[in-house]
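See below for the structure under consideration.
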Amino acid sequence: MIPAKFDYARPGSLDEAIRALASGGDDTKVIAGGQSLLPLLRMRLAYPDKLIDLGGLSELRGVRDAGEALEIGALTTHYDLTRDELIRAHCGLIAQAAETIADPAVRHRGTIGGALAHADPAGDLPAVITALDATLVARGPSGERQLKPADFFSDYLTTSLEPGEILTTVRVPKLDGWGYRYEKFNVTAQAWAVVGVAAIARRSNGHVAEARIGLTNMGSVPIRAAAAEAAAAGAQASAASLAAAAARADEGTSPPSDLRAAADYRRHLARVLTGRALAAAAGAY
Ligand SMILES: Cc1cc2nc3c(=O)[nH]c(=O)nc-3n(C[C@H](O)[C@H](O)[C@H](O)COP(=O)(O)OP(=O)(O)OC[C@H]3O[C@@H](n4cnc5c(N)ncnc54)[C@H](O)[C@@H]3O)c2cc1C
């Protein structure tokens, strides 16, 4: 279908974009790669009066070394995440998960900022960002805010971004000394996760010193598998020991039942995939 009519602006700087968004009112939206928003416009599930195209903001593109962290600009595409040398060297979990998103056409257009702001619980990067306990930086007319994933993802397709705010940067810790793995189960024809598990683990003397696990599509927001994380801490870094921790991966989750899977099956997948992801992250294979 053809989208409803809208005005269009393509600002050349972040300040200009924030001013345009602030002056536009409730029916103004930003567009980045368009991979989630354009289908909604074409189906007329969204019909904003005005679109602010962030595509001209080169300041929001690319990855920067910030000491113990990497700063990823919101307009960095999924494709760039799979290729960037800093990401591959210091936070390979992001590259690994981005490689599983959709197909090359979507990966070349879709951005990390758009994927996080869209907040689809079936999206891959929200759970990865949750496992990494990243910091999301937003700018609006009243300045800059830094948000943790648990505060940023507030509900199904909903974030705590204020009207007029633009997500500018995702700050992720370097994973030096950590193992990692993103495990995902999807139906053959589509890359959307039925369930996904992002795990990172730090190993010491043959044991897991610390583990963090983010779950995709196990509720209305990406969540940490807190019970499994606690059970993995101190466990032997073997597949058998970590299986006991993985058996607790679905505790505290509320997965949906839909055409692709029943909630119980999703719980089963979460336990199985957590076992695989944890074992791989802890170097147990
Ligand atoms: C066929 C298909 C298959 C897909 N498969 C997968 C998959 O397997 N896994 C997966 O994770 N994703 C998948 N996606 C979604 C894809 O990852 C999108 O790129 C992503 O969800 C949105 O990124 P975008 O840059 O295109 O955002 P847009 O579509 O431009 O925007 C999405 C939303 O975010 C807002 N927004 C965008 N950028 C910002 C910003 N910087 N600050 C504030 N708000 C912002 C927009 O206003 C809009 O509401 C798929 C998409 C398609 C079309």
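Just remember, in the structure tokens the first chain shown is A, the second B, etc., residues are 1-based per chain, and ligands are 1-based in the order shown.
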
When the cut-off is 8 Å and you count only C-alpha atoms and all ligand atoms, which residues lie near ligand 1, shown as a PyMOL selection string? chain A and resi 29-39+54+74-75+77-78+98+100-103+106-107+109-120+122-126+138+161+165-168+190-193

Please provide the set of residues having any atom within 10 Å of stretch 229-234 of chain A, restricted to only C-alpha atoms, with same-chain residues fewer than 5 positions apart removed, written as an NGL selection string. :A and (199-204 or 206-214 or 224 or 241-249 or 278 or 282)

Please provide as number ranges by chain all residues within 7 Å of A:Thr169, with the sequence filter that same-chain residues fewer than 5 positions apart are discarded (counting only C-alpha atoms). A: 71-74, 136-137

Save out the residues we just selected, N, CA and C atoms, as a PDB file, in the first residue's frame.
```pdb
ATOM      1  N   GLU A  71      31.713   3.197  22.036  1.00  0.00           N
ATOM      2  CA  GLU A  71      30.536   4.031  21.820  1.00  0.00           C
ATOM      3  C   GLU A  71      30.056   3.833  20.382  1.00  0.00           C
ATOM      4  N   ILE A  72      28.858   3.299  20.276  1.00  0.00           N
ATOM      5  CA  ILE A  72      28.301   2.977  18.953  1.00  0.00           C
ATOM      6  C   ILE A  72      27.253   4.027  18.609  1.00  0.00           C
ATOM      7  N   GLY A  73      27.448   4.731  17.494  1.00  0.00           N
ATOM      8  CA  GLY A  73      26.474   5.733  17.067  1.00  0.00           C
ATOM      9  C   GLY A  73      25.166   5.063  16.677  1.00  0.00           C
ATOM     10  N   ALA A  74      24.061   5.723  16.982  1.00  0.00           N
ATOM     11  CA  ALA A  74      22.732   5.111  16.781  1.00  0.00           C
ATOM     12  C   ALA A  74      22.467   4.757  15.321  1.00  0.00           C
ATOM     13  N   LEU A 136      22.385   3.512  27.298  1.00  0.00           N
ATOM     14  CA  LEU A 136      21.794   4.138  26.121  1.00  0.00           C
ATOM     15  C   LEU A 136      21.729   5.645  26.360  1.00  0.00           C
ATOM     16  N   VAL A 137      22.260   6.400  25.410  1.00  0.00           N
ATOM     17  CA  VAL A 137      22.340   7.848  25.587  1.00  0.00           C
ATOM     18  C   VAL A 137      21.320   8.509  24.660  1.00  0.00           C
TER      19      VAL A 137
END
```

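Put simply, atom CA of A:Pro222 is 21.6 Å away from atom CA of A:Ile87.
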
Using DSSP assignments from the backbone, pull out every residue in stretch 208-275 of chain A that falls under strand (DSSP E) and give it to me as a list in words. Val208, Ala209, Glu210, Ala211, Arg212, Ile213, Gly214, Leu215, Thr216, Ile223 and Arg224 of chain A

Restricting the output to all heavy atoms, write the selected residues as a CSV table (one decimal), in the first residue's frame.
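What ended up in selection_12.csv:
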```
chain,number,residue,atom,x,y,z
A,208,VAL,N,33.0,-20.6,36.3
A,208,VAL,CA,32.4,-19.4,35.9
A,208,VAL,C,32.4,-18.4,37.0
A,208,VAL,O,31.8,-18.6,38.1
A,208,VAL,CB,31.0,-19.6,35.4
A,208,VAL,CG1,30.3,-18.3,35.0
A,208,VAL,CG2,31.0,-20.5,34.2
A,209,ALA,N,33.2,-17.3,36.8
A,209,ALA,CA,33.2,-16.3,37.9
A,209,ALA,C,32.0,-15.4,37.9
A,209,ALA,O,31.4,-15.1,38.9
A,209,ALA,CB,34.5,-15.4,37.7
A,210,GLU,N,31.5,-15.1,36.6
A,210,GLU,CA,30.3,-14.2,36.5
A,210,GLU,C,29.7,-14.5,35.2
A,210,GLU,O,30.4,-14.8,34.2
A,210,GLU,CB,30.8,-12.8,36.6
A,210,GLU,CG,29.7,-11.8,36.7
A,210,GLU,CD,30.3,-10.3,36.7
A,210,GLU,OE1,31.5,-10.2,36.8
A,210,GLU,OE2,29.5,-9.4,36.6
A,211,ALA,N,28.4,-14.5,35.1
A,211,ALA,CA,27.7,-14.7,33.8
A,211,ALA,C,26.5,-13.7,33.7
A,211,ALA,O,25.9,-13.3,34.7
A,211,ALA,CB,27.1,-16.1,33.8
A,212,ARG,N,26.2,-13.3,32.5
A,212,ARG,CA,25.1,-12.4,32.2
A,212,ARG,C,24.3,-13.0,31.0
A,212,ARG,O,24.9,-13.3,30.0
A,212,ARG,CB,25.5,-11.0,32.0
A,212,ARG,CG,26.1,-10.4,33.2
A,212,ARG,CD,26.1,-8.8,33.1
A,212,ARG,NE,27.4,-8.3,33.6
A,212,ARG,CZ,28.1,-7.4,33.0
A,212,ARG,NH1,27.8,-6.9,31.9
A,212,ARG,NH2,29.2,-7.0,33.6
A,213,ILE,N,23.0,-13.0,31.2
A,213,ILE,CA,22.2,-13.7,30.1
A,213,ILE,C,21.0,-12.8,29.8
A,213,ILE,O,20.2,-12.4,30.7
A,213,ILE,CB,21.7,-15.0,30.6
A,213,ILE,CG1,22.9,-15.9,31.0
A,213,ILE,CG2,20.8,-15.7,29.6
A,213,ILE,CD1,22.5,-17.1,32.0
A,214,GLY,N,20.9,-12.4,28.5
A,214,GLY,CA,19.7,-11.6,28.0
A,214,GLY,C,18.8,-12.5,27.2
A,214,GLY,O,19.3,-13.3,26.4
A,215,LEU,N,17.5,-12.4,27.4
A,215,LEU,CA,16.6,-13.3,26.7
A,215,LEU,C,15.8,-12.5,25.6
A,215,LEU,O,15.2,-11.4,26.0
A,215,LEU,CB,15.6,-13.9,27.6
A,215,LEU,CG,16.2,-14.8,28.7
A,215,LEU,CD1,15.2,-15.3,29.7
A,215,LEU,CD2,17.0,-16.0,28.1
A,216,THR,N,15.7,-13.0,24.4
A,216,THR,CA,14.9,-12.4,23.3
A,216,THR,C,13.5,-13.1,23.3
A,216,THR,O,13.5,-14.4,23.3
A,216,THR,CB,15.6,-12.6,22.0
A,216,THR,OG1,16.9,-12.1,22.0
A,216,THR,CG2,14.8,-12.0,20.8
A,223,ILE,N,14.8,-9.4,28.8
A,223,ILE,CA,15.0,-9.5,30.3
A,223,ILE,C,16.3,-10.3,30.5
A,223,ILE,O,16.7,-11.1,29.7
A,223,ILE,CB,13.8,-10.2,31.0
A,223,ILE,CG1,13.3,-11.3,30.2
A,223,ILE,CG2,12.8,-9.2,31.3
A,223,ILE,CD1,12.2,-12.1,31.0
A,224,ARG,N,16.8,-10.1,31.7
A,224,ARG,CA,17.9,-10.9,32.2
A,224,ARG,C,17.4,-12.2,32.8
A,224,ARG,O,16.4,-12.2,33.5
A,224,ARG,CB,18.8,-10.2,33.2
A,224,ARG,CG,19.5,-8.9,32.6
A,224,ARG,CD,20.9,-9.2,32.1
A,224,ARG,NE,21.8,-9.5,33.2
A,224,ARG,CZ,22.5,-8.5,33.8
A,224,ARG,NH1,22.4,-7.3,33.5
A,224,ARG,NH2,23.3,-8.9,34.8
```

Give me every helix (DSSP H, G or I) residue in stretch 46-205 of chain A, going by DSSP on the backbone, as number ranges by chain. A: 54-56, 58-60, 78-83, 85-90, 92-98, 104-109, 112-118, 124-131, 149-152
